[in-house]
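To be precise, the following lines are input-v4.txt, and they hold compact mmCIF, C-alpha atoms and all ligand atoms.
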# COMPACT_ATOMS: atom_id res chain seq x y z
CA MET L 1 100.09 19.16 0.16
CA PHE L 2 99.30 22.86 0.00
CA LEU L 3 98.59 25.51 2.60
CA VAL L 4 95.41 27.52 3.06
CA GLY L 5 95.63 30.68 5.16
CA LEU L 6 92.40 31.54 6.94
CA THR L 7 91.92 34.96 8.45
CA GLY L 8 89.29 37.56 9.26
CA GLY L 9 88.63 40.21 11.87
CA ILE L 10 87.92 40.16 15.56
CA ALA L 11 84.69 38.18 16.18
CA SER L 12 84.09 37.71 12.44
CA GLY L 13 83.65 33.94 12.90
CA LYS L 14 87.07 32.35 12.28
CA SER L 15 86.88 29.90 15.21
CA SER L 16 83.35 28.89 14.25
CA VAL L 17 84.47 28.19 10.66
CA LEU L 18 87.51 26.25 11.88
CA GLN L 19 85.25 24.04 13.98
CA VAL L 20 83.24 23.10 10.88
CA LEU L 21 86.43 22.37 8.94
CA GLN L 22 87.59 20.13 11.78
CA GLN L 23 84.25 18.32 11.78
CA LEU L 24 84.71 17.75 8.03
CA GLY L 25 88.01 16.02 8.82
CA CYS L 26 90.34 18.80 7.65
CA ALA L 27 93.83 19.30 8.95
CA VAL L 28 93.65 22.53 10.93
CA VAL L 29 96.40 24.48 12.63
CA ASP L 30 94.84 26.91 15.08
CA VAL L 31 97.28 29.70 15.83
CA ASP L 32 95.20 30.85 18.81
CA VAL L 33 95.58 27.44 20.44
CA ILE L 34 99.32 27.42 19.70
CA ALA L 35 99.69 30.97 21.02
CA ARG L 36 98.16 29.87 24.33
CA HIS L 37 100.27 26.71 24.41
CA VAL L 38 103.68 28.35 23.95
CA VAL L 39 103.20 30.78 26.86
CA GLN L 40 102.46 28.09 29.42
CA PRO L 41 104.72 27.93 32.49
CA GLY L 42 107.93 26.07 31.70
CA TYR L 43 108.10 27.26 28.08
CA PRO L 44 110.81 29.78 27.07
CA ALA L 45 108.25 32.41 25.97
CA HIS L 46 106.63 32.34 29.44
CA ARG L 47 109.95 33.14 31.15
CA ARG L 48 110.75 35.92 28.68
CA ILE L 49 107.30 37.53 29.06
CA VAL L 50 107.72 37.65 32.84
CA GLU L 51 111.22 39.14 32.42
CA ALA L 52 109.87 41.80 30.04
CA PHE L 53 106.52 42.69 31.65
CA GLY L 54 106.96 41.74 35.32
CA THR L 55 105.13 39.33 37.60
CA GLU L 56 101.95 41.43 37.47
CA VAL L 57 101.08 39.61 34.25
CA LEU L 58 100.86 36.33 36.16
CA LEU L 59 97.82 34.64 37.65
CA GLU L 60 98.16 32.94 41.03
CA ASN L 61 98.75 29.55 39.39
CA GLY L 62 101.64 30.93 37.30
CA ASP L 63 99.71 31.14 34.02
CA ILE L 64 99.88 34.35 32.00
CA ASN L 65 96.96 36.64 32.73
CA ARG L 66 95.93 37.28 29.13
CA LYS L 67 93.53 40.08 30.06
CA VAL L 68 96.22 42.05 31.96
CA LEU L 69 98.80 41.44 29.23
CA GLY L 70 96.25 42.40 26.55
CA ASP L 71 95.50 45.68 28.35
CA LEU L 72 99.24 46.40 28.72
CA ILE L 73 99.91 46.12 25.00
CA PHE L 74 96.65 47.61 23.75
CA ASN L 75 97.41 51.05 22.26
CA ASN L 76 101.12 50.63 23.03
CA PRO L 77 102.95 49.68 19.80
CA ASP L 78 106.36 49.28 21.50
CA ARG L 79 105.05 46.81 24.07
CA ARG L 80 103.05 44.98 21.41
CA HIS L 81 106.19 44.69 19.29
CA LEU L 82 108.16 43.39 22.26
CA LEU L 83 105.54 40.74 22.99
CA ASN L 84 105.45 39.75 19.33
CA THR L 85 109.23 39.33 19.15
CA ILE L 86 109.00 36.95 22.12
CA THR L 87 106.03 34.88 21.02
CA HIS L 88 106.04 34.87 17.21
CA PRO L 89 109.18 32.74 16.66
CA GLU L 90 107.85 30.13 19.12
CA ILE L 91 104.44 30.16 17.46
CA ARG L 92 105.99 29.77 13.99
CA LYS L 93 108.06 26.78 15.16
CA GLU L 94 104.96 25.03 16.53
CA MET L 95 102.99 25.82 13.36
CA MET L 96 105.70 24.27 11.22
CA LYS L 97 105.83 21.16 13.43
CA GLU L 98 102.05 20.65 13.22
CA THR L 99 101.96 21.28 9.47
CA PHE L 100 104.76 18.77 8.89
CA LYS L 101 102.90 16.20 11.00
CA TYR L 102 99.82 16.62 8.76
CA PHE L 103 102.01 16.35 5.65
CA LEU L 104 103.35 13.01 6.89
CA GLN L 105 99.78 11.87 7.53
CA GLY L 106 99.00 12.48 3.85
CA TYR L 107 96.53 15.37 4.04
CA ARG L 108 95.99 17.18 0.74
CA TYR L 109 95.77 20.60 2.35
CA VAL L 110 96.25 22.19 5.74
CA VAL L 111 94.27 25.19 6.96
CA LEU L 112 96.24 27.63 9.08
CA ASP L 113 94.25 30.14 11.08
CA ILE L 114 96.42 33.27 11.02
CA PRO L 115 94.66 36.34 12.44
CA LEU L 116 97.28 38.81 11.06
CA LEU L 117 97.92 37.08 7.73
CA PHE L 118 97.44 40.24 5.65
CA GLU L 119 98.86 42.66 8.22
CA THR L 120 102.27 41.04 8.74
CA LYS L 121 102.35 39.38 5.29
CA LYS L 122 105.22 37.16 6.53
CA LEU L 123 103.43 33.88 5.90
CA LEU L 124 101.44 35.01 2.89
CA LYS L 125 103.95 33.71 0.35
CA TYR L 126 103.53 30.14 1.63
CA MET L 127 99.73 30.16 1.19
CA LYS L 128 98.36 28.66 -2.01
CA HIS L 129 94.86 29.85 -1.04
CA THR L 130 93.70 32.62 1.27
CA VAL L 131 90.28 32.68 2.92
CA VAL L 132 88.69 35.62 4.72
CA VAL L 133 85.82 35.06 7.12
CA TYR L 134 83.90 38.26 6.55
CA CYS L 135 80.90 39.85 8.18
CA ASP L 136 79.50 43.35 7.85
CA ARG L 137 80.63 45.89 10.39
CA ASP L 138 77.36 46.22 12.34
CA THR L 139 77.13 42.45 12.74
CA GLN L 140 80.77 42.25 13.79
CA LEU L 141 80.23 44.99 16.36
CA ALA L 142 77.10 43.38 17.78
CA ARG L 143 78.75 39.92 18.04
CA LEU L 144 81.88 41.34 19.62
CA MET L 145 79.91 43.37 22.18
CA GLN L 146 77.86 40.33 23.10
CA ARG L 147 80.69 37.78 23.20
CA ASN L 148 83.17 39.94 25.15
CA SER L 149 80.57 41.90 27.19
CA LEU L 150 82.00 45.15 25.84
CA ASN L 151 80.33 48.51 25.50
CA ARG L 152 80.01 49.98 21.99
CA GLU L 153 82.98 52.34 22.39
CA ASP L 154 85.43 49.62 23.49
CA ALA L 155 84.23 47.21 20.83
CA GLU L 156 84.57 49.88 18.12
CA ALA L 157 88.12 50.66 19.32
CA ARG L 158 89.07 47.00 18.98
CA ILE L 159 87.65 46.76 15.49
CA LYS L 160 89.33 50.02 14.45
CA ALA L 161 92.73 48.72 15.64
CA GLN L 162 92.61 46.14 12.82
CA LEU L 163 92.79 46.39 9.06
CA PRO L 164 89.17 46.84 7.83
CA LEU L 165 87.56 43.49 7.02
CA LYS L 166 86.43 44.79 3.62
CA GLU L 167 90.07 45.39 2.65
CA LYS L 168 91.02 41.89 3.74
CA ALA L 169 88.14 40.47 1.75
CA HIS L 170 89.47 42.22 -1.37
CA MET L 171 92.90 40.65 -0.86
CA ALA L 172 91.62 37.08 -0.35
CA ARG L 173 91.09 34.38 -2.95
CA HIS L 174 87.98 33.11 -1.14
CA VAL L 175 85.52 35.02 1.03
CA LEU L 176 83.13 33.30 3.43
CA ASP L 177 80.34 35.75 4.19
CA ASN L 178 79.33 35.19 7.80
CA SER L 179 76.98 38.20 8.04
CA GLY L 180 73.85 36.10 8.03
CA GLU L 181 72.49 32.86 9.43
CA TRP L 182 75.02 30.31 10.60
CA SER L 183 73.51 27.67 8.29
CA SER L 184 74.45 29.83 5.27
CA THR L 185 78.06 30.11 6.46
CA LYS L 186 78.23 26.38 7.09
CA ARG L 187 77.08 25.71 3.52
CA GLN L 188 79.82 27.99 2.18
CA VAL L 189 82.43 26.15 4.26
CA ILE L 190 81.29 22.78 2.95
CA LEU L 191 81.51 24.03 -0.66
CA LEU L 192 84.97 25.49 -0.09
CA HIS L 193 86.18 22.22 1.43
CA ALA L 194 84.87 20.30 -1.60
CA GLU L 195 86.68 22.70 -3.95
CA LEU L 196 89.98 22.39 -2.08
CA GLU L 197 89.70 18.59 -1.89
CA ARG L 198 89.16 18.43 -5.66
CA SER L 199 92.21 20.59 -6.35
CA MET L 200 95.32 18.87 -7.71
CA GLU L 201 97.59 21.47 -6.14
CA TYR L 202 98.76 18.97 -3.53
CA LEU L 203 100.51 16.89 -6.20
CA PRO L 204 103.74 18.85 -6.92
CA LEU L 205 105.01 18.73 -3.33
CA ARG L 206 104.00 15.12 -2.86
CA LEU L 207 105.64 14.05 -6.13
CA GLY L 208 108.71 16.15 -5.29
CA VAL L 209 109.13 14.41 -1.93
CA LEU L 210 108.51 10.96 -3.43
CA THR L 211 111.08 11.65 -6.17
CA GLY L 212 113.56 12.82 -3.54
CA LEU L 213 112.98 9.70 -1.44
CA ALA L 214 113.33 7.48 -4.52
CA GLY L 215 116.62 9.25 -5.33
CA ILE L 216 117.96 8.66 -1.82
CA ALA L 217 116.87 5.00 -1.93
CA GLY L 218 118.62 4.62 -5.32
CA LEU L 219 121.84 6.12 -4.00
CA LEU L 220 121.78 3.82 -0.96
CA TYR L 221 121.24 0.84 -3.26
CA LEU L 222 124.23 1.83 -5.41
CA LEU L 223 126.37 2.37 -2.32
CA ILE L 224 125.52 -1.02 -0.86
CA HIS L 225 125.92 -2.96 -4.12
CA TYR L 226 128.90 -1.35 -5.81
CA LEU L 227 130.96 0.53 -3.27
CA LEU L 228 130.90 -1.67 -0.19
CA PRO L 229 133.20 -4.70 -0.36
CA SER L 230 131.28 -7.94 -0.79
CA PRO L 231 131.60 -10.44 2.07
N1 LIG L 301 76.56 33.30 11.69
C1 LIG L 301 76.52 33.56 12.99
N2 LIG L 301 75.37 33.89 13.58
C2 LIG L 301 75.33 34.21 14.91
N3 LIG L 301 76.40 34.26 15.72
C3 LIG L 301 77.59 33.95 15.19
C4 LIG L 301 77.73 33.59 13.81
N4 LIG L 301 79.03 33.35 13.56
C5 LIG L 301 79.68 33.53 14.73
N5 LIG L 301 78.82 33.90 15.71
C6 LIG L 301 79.18 34.23 17.11
O1 LIG L 301 80.00 35.38 17.03
C7 LIG L 301 81.03 35.33 17.99
C8 LIG L 301 82.38 35.42 17.28
O2 LIG L 301 82.62 34.23 16.54
P1 LIG L 301 84.03 33.51 16.60
O3 LIG L 301 84.48 33.36 18.02
O4 LIG L 301 83.93 32.30 15.76
O5 LIG L 301 84.91 34.63 15.90
P2 LIG L 301 86.49 34.75 15.75
O6 LIG L 301 86.70 35.39 14.43
O7 LIG L 301 87.15 33.44 15.99
O8 LIG L 301 86.83 35.76 16.90
P3 LIG L 301 88.23 36.16 17.57
O9 LIG L 301 89.28 36.17 16.53
O10 LIG L 301 87.95 37.52 18.10
O11 LIG L 301 88.48 35.15 18.65
C9 LIG L 301 80.86 34.03 18.75
O12 LIG L 301 80.13 34.32 19.93
C10 LIG L 301 80.01 33.18 17.80
O13 LIG L 301 79.21 32.25 18.50

Just dump the structure as structure tokens.
Amino acid sequence: MFLVGLTGGIASGKSSVLQVLQQLGCAVVDVDVIARHVVQPGYPAHRRIVEAFGTEVLLENGDINRKVLGDLIFNNPDRRHLLNTITHPEIRKEMMKETFKYFLQGYRYVVLDIPLLFETKKLLKYMKHTVVVYCDRDTQLARLMQRNSLNREDAEARIKAQLPLKEKAHMARHVLDNSGEWSSTKRQVILLHAELERSMEYLPLRLGVLTGLAGIAGLLYLLIHYLLPSP
């Protein structure tokens, strides 16, 4: 198995691309979904967020109010860092669990949706392939304004807070251009999936694990047959 890191910019189309990959039967780890999961009431990150930011970040039902928390950390690097130190280790643990589950199920590759793949660079070394979902800036702005009901100024501020998409596209091994019609993007996703499925890069890890298991089985056999006293 090998890992494919998928990233992009705000409203560039990552979730839409992930949906297609899921429909194609790919193993997908959606960091957004995990990030929402690990801050649910009862989880350690939920308690630590309330300790750090106060009960004003809670909705009436005890869930984290993502809008309030988002506003609190927006333009405040210290608070953002604090939130990241609480949530990131929990998110990484869940990502590893899900990836391992897919490995056991025999998938050739797993796509991990990591919004800050190129910014934090922490997970980059584990990715055999990197994919950027790109769209031109005007399209990104228009889609963001429409999806989040934002005015131009707020939407521009959110885009500016991220590494420019063009730079990310230069760093990636594959670029899916989502500036145009959705059907064109979908075609690109299907072609990428076919390329990754054809790749033999899943073999080394699989063979390594099989060899390891065969070694353990051999040792057990020797133990049972030669070292244990016969009845
Ligand atoms: N090719 C396309 N044509 C028209 N609309 C699109 C296209 N691709 C995506 N969209 C729309 O643009 C918006 C952003 O897409 P999406 O939610 O997939 O982006 P995202 O990268 O996951 O965003 P975020 O990271 O901010 O959650 C959505 O409303 C989606 O329906």

Please check which protein, DNA or RNA residues sit within 8 Å of ligand LIG 301 (chain L), counting only C-alpha atoms and all ligand atoms, and write them as a PDB file with C-alpha atoms, keeping the file's coordinate frame.
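Final file, pocket-v1.pdb:
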ATOM      1  CA  THR L   7      91.920  34.960   8.450  1.00  0.00           C
ATOM      2  CA  GLY L   8      89.290  37.560   9.260  1.00  0.00           C
ATOM      3  CA  GLY L   9      88.630  40.210  11.870  1.00  0.00           C
ATOM      4  CA  ILE L  10      87.920  40.160  15.560  1.00  0.00           C
ATOM      5  CA  ALA L  11      84.690  38.180  16.180  1.00  0.00           C
ATOM      6  CA  SER L  12      84.090  37.710  12.440  1.00  0.00           C
ATOM      7  CA  GLY L  13      83.650  33.940  12.900  1.00  0.00           C
ATOM      8  CA  LYS L  14      87.070  32.350  12.280  1.00  0.00           C
ATOM      9  CA  SER L  15      86.880  29.900  15.210  1.00  0.00           C
ATOM     10  CA  SER L  16      83.350  28.890  14.250  1.00  0.00           C
ATOM     11  CA  VAL L  17      84.470  28.190  10.660  1.00  0.00           C
ATOM     12  CA  ASP L  32      95.200  30.850  18.810  1.00  0.00           C
ATOM     13  CA  PRO L 115      94.660  36.340  12.440  1.00  0.00           C
ATOM     14  CA  VAL L 133      85.820  35.060   7.120  1.00  0.00           C
ATOM     15  CA  GLN L 140      80.770  42.250  13.790  1.00  0.00           C
ATOM     16  CA  ARG L 143      78.750  39.920  18.040  1.00  0.00           C
ATOM     17  CA  LEU L 144      81.880  41.340  19.620  1.00  0.00           C
ATOM     18  CA  GLN L 146      77.860  40.330  23.100  1.00  0.00           C
ATOM     19  CA  ARG L 147      80.690  37.780  23.200  1.00  0.00           C
ATOM     20  CA  ASN L 178      79.330  35.190   7.800  1.00  0.00           C
ATOM     21  CA  SER L 179      76.980  38.200   8.040  1.00  0.00           C
ATOM     22  CA  GLY L 180      73.850  36.100   8.030  1.00  0.00           C
ATOM     23  CA  GLU L 181      72.490  32.860   9.430  1.00  0.00           C
ATOM     24  CA  TRP L 182      75.020  30.310  10.600  1.00  0.00           C
ATOM     25  CA  SER L 183      73.510  27.670   8.290  1.00  0.00           C
ATOM     26  CA  SER L 184      74.450  29.830   5.270  1.00  0.00           C
ATOM     27  CA  THR L 185      78.060  30.110   6.460  1.00  0.00           C
TER      28      THR L 185
END

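Using all atoms listed in the file, the shortest contact distance between Val111 of chain L and any of L:Pro77, L:Ala217, L:Ser199, L:Lys128 is found at L:Lys128.
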
Problem set entry | Nearest candidate to Arg206 of chain L (options L:Leu112, L:Met1, L:Val29, L:Ile224; using all atoms listed in the file) |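 Using all atoms listed in the file, the shortest distance to Arg206 of chain L belongs to L:Met1.
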
For this session: Return the single residue from L:Leu176, L:Val209, L:Leu83, L:Val110 that is closest to Leu196 of chain L, with distances computed using all atoms listed in the file.
Result: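 Nearest to Leu196 of chain L: L:Val110.
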
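Closest approach to Leu203 of chain L among L:Asn76, L:Tyr107, L:Thr55, L:Leu21 is made by L:Tyr107 (distances from only C-alpha atoms).
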
For this session: Just give me the gap between atom CA of Ile190 of chain L and atom CA of Gln23 of chain L in Å, one decimal is fine.
Result: 10.3 Å

Please, what is the axis-aligned box for every listed atom of segment 69-88 of chain L with 4 Å on each side, as centre and edge lengths in Å to one decimal, as JSON?
{"center_x": 102.4, "center_y": 43.0, "center_z": 23.2, "size_x": 21.7, "size_y": 24.2, "size_z": 20.0}

All residues 12 Å or closer to His37 of chain L, all atoms listed in the file, same chain fewer than 2 positions away omitted, as a short mmCIF file (atom, residue, chain, number, x, y, z; two decimals) with C-alpha atoms, in the frame of the given file:
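Listing of out-v8.cif after writing:
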data_model
loop_
_atom_site.label_atom_id
_atom_site.label_comp_id
_atom_site.auth_asym_id
_atom_site.auth_seq_id
_atom_site.Cartn_x
_atom_site.Cartn_y
_atom_site.Cartn_z
CA ASP L 30 94.84 26.91 15.08
CA VAL L 31 97.28 29.70 15.83
CA ASP L 32 95.20 30.85 18.81
CA VAL L 33 95.58 27.44 20.44
CA ILE L 34 99.32 27.42 19.70
CA ALA L 35 99.69 30.97 21.02
CA VAL L 39 103.20 30.78 26.86
CA GLN L 40 102.46 28.09 29.42
CA PRO L 41 104.72 27.93 32.49
CA GLY L 42 107.93 26.07 31.70
CA TYR L 43 108.10 27.26 28.08
CA PRO L 44 110.81 29.78 27.07
CA ALA L 45 108.25 32.41 25.97
CA HIS L 46 106.63 32.34 29.44
CA ASP L 63 99.71 31.14 34.02
CA ILE L 64 99.88 34.35 32.00
CA THR L 87 106.03 34.88 21.02
CA GLU L 90 107.85 30.13 19.12
CA ILE L 91 104.44 30.16 17.46
CA GLU L 94 104.96 25.03 16.53
CA MET L 95 102.99 25.82 13.36
#

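For the choices L:Lys122, L:Arg79, L:Arg36, L:Arg108, the atom-to-atom distance to Arg198 of chain L is smallest for L:Arg108 when using all atoms listed in the file.
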
Could you please fill out segment 157-184 of chain L with N, CA and C atoms and send it back as a tab-separated table (two decimals), in the coordinates of the input?
chain	number	residue	atom	x	y	z
L	157	ALA	N	86.66	50.41	19.26
L	157	ALA	CA	88.12	50.66	19.32
L	157	ALA	C	88.87	49.40	18.90
L	158	ARG	N	88.39	48.25	19.34
L	158	ARG	CA	89.07	47.00	18.98
L	158	ARG	C	88.97	46.70	17.49
L	159	ILE	N	87.81	47.00	16.94
L	159	ILE	CA	87.65	46.76	15.49
L	159	ILE	C	88.53	47.73	14.70
L	160	LYS	N	88.54	48.99	15.16
L	160	LYS	CA	89.33	50.02	14.45
L	160	LYS	C	90.82	49.72	14.47
L	161	ALA	N	91.29	49.02	15.52
L	161	ALA	CA	92.73	48.72	15.64
L	161	ALA	C	93.19	47.75	14.56
L	162	GLN	N	92.23	47.13	13.85
L	162	GLN	CA	92.61	46.14	12.82
L	162	GLN	C	92.39	46.71	11.42
L	163	LEU	N	93.03	46.06	10.47
L	163	LEU	CA	92.79	46.39	9.06
L	163	LEU	C	91.30	46.13	8.78
L	164	PRO	N	90.61	47.06	8.07
L	164	PRO	CA	89.17	46.84	7.83
L	164	PRO	C	88.93	45.51	7.11
L	165	LEU	N	87.88	44.81	7.57
L	165	LEU	CA	87.56	43.49	7.02
L	165	LEU	C	87.32	43.54	5.52
L	166	LYS	N	86.72	44.66	5.07
L	166	LYS	CA	86.43	44.79	3.62
L	166	LYS	C	87.73	44.73	2.82
L	167	GLU	N	88.77	45.40	3.35
L	167	GLU	CA	90.07	45.39	2.65
L	167	GLU	C	90.63	43.98	2.58
L	168	LYS	N	90.50	43.26	3.71
L	168	LYS	CA	91.02	41.89	3.74
L	168	LYS	C	90.26	41.03	2.74
L	169	ALA	N	88.96	41.26	2.67
L	169	ALA	CA	88.14	40.47	1.75
L	169	ALA	C	88.59	40.70	0.30
L	170	HIS	N	88.99	41.94	-0.01
L	170	HIS	CA	89.47	42.22	-1.37
L	170	HIS	C	90.76	41.48	-1.68
L	171	MET	N	91.58	41.27	-0.64
L	171	MET	CA	92.90	40.65	-0.86
L	171	MET	C	92.81	39.12	-0.94
L	172	ALA	N	91.69	38.54	-0.47
L	172	ALA	CA	91.62	37.08	-0.35
L	172	ALA	C	91.15	36.41	-1.63
L	173	ARG	N	91.55	35.17	-1.79
L	173	ARG	CA	91.09	34.38	-2.95
L	173	ARG	C	89.66	33.89	-2.72
L	174	HIS	N	89.34	33.56	-1.47
L	174	HIS	CA	87.98	33.11	-1.14
L	174	HIS	C	87.43	33.96	0.01
L	175	VAL	N	86.15	34.28	-0.07
L	175	VAL	CA	85.52	35.02	1.03
L	175	VAL	C	84.32	34.20	1.53
L	176	LEU	N	84.30	33.95	2.83
L	176	LEU	CA	83.13	33.30	3.43
L	176	LEU	C	82.34	34.41	4.12
L	177	ASP	N	81.14	34.66	3.62
L	177	ASP	CA	80.34	35.75	4.19
L	177	ASP	C	79.54	35.23	5.38
L	178	ASN	N	79.97	35.65	6.57
L	178	ASN	CA	79.33	35.19	7.80
L	178	ASN	C	78.43	36.27	8.39
L	179	SER	N	77.84	37.12	7.52
L	179	SER	CA	76.98	38.20	8.04
L	179	SER	C	75.59	37.69	8.40
L	180	GLY	N	75.23	36.56	7.82
L	180	GLY	CA	73.85	36.10	8.03
L	180	GLY	C	73.75	34.90	8.94
L	181	GLU	N	72.76	34.07	8.63
L	181	GLU	CA	72.49	32.86	9.43
L	181	GLU	C	73.70	31.93	9.41
L	182	TRP	N	73.89	31.23	10.51
L	182	TRP	CA	75.02	30.31	10.60
L	182	TRP	C	74.92	29.20	9.55
L	183	SER	N	73.68	28.77	9.26
L	183	SER	CA	73.51	27.67	8.29
L	183	SER	C	74.07	28.07	6.92
L	184	SER	N	73.94	29.36	6.57
L	184	SER	CA	74.45	29.83	5.27
L	184	SER	C	75.99	29.77	5.27
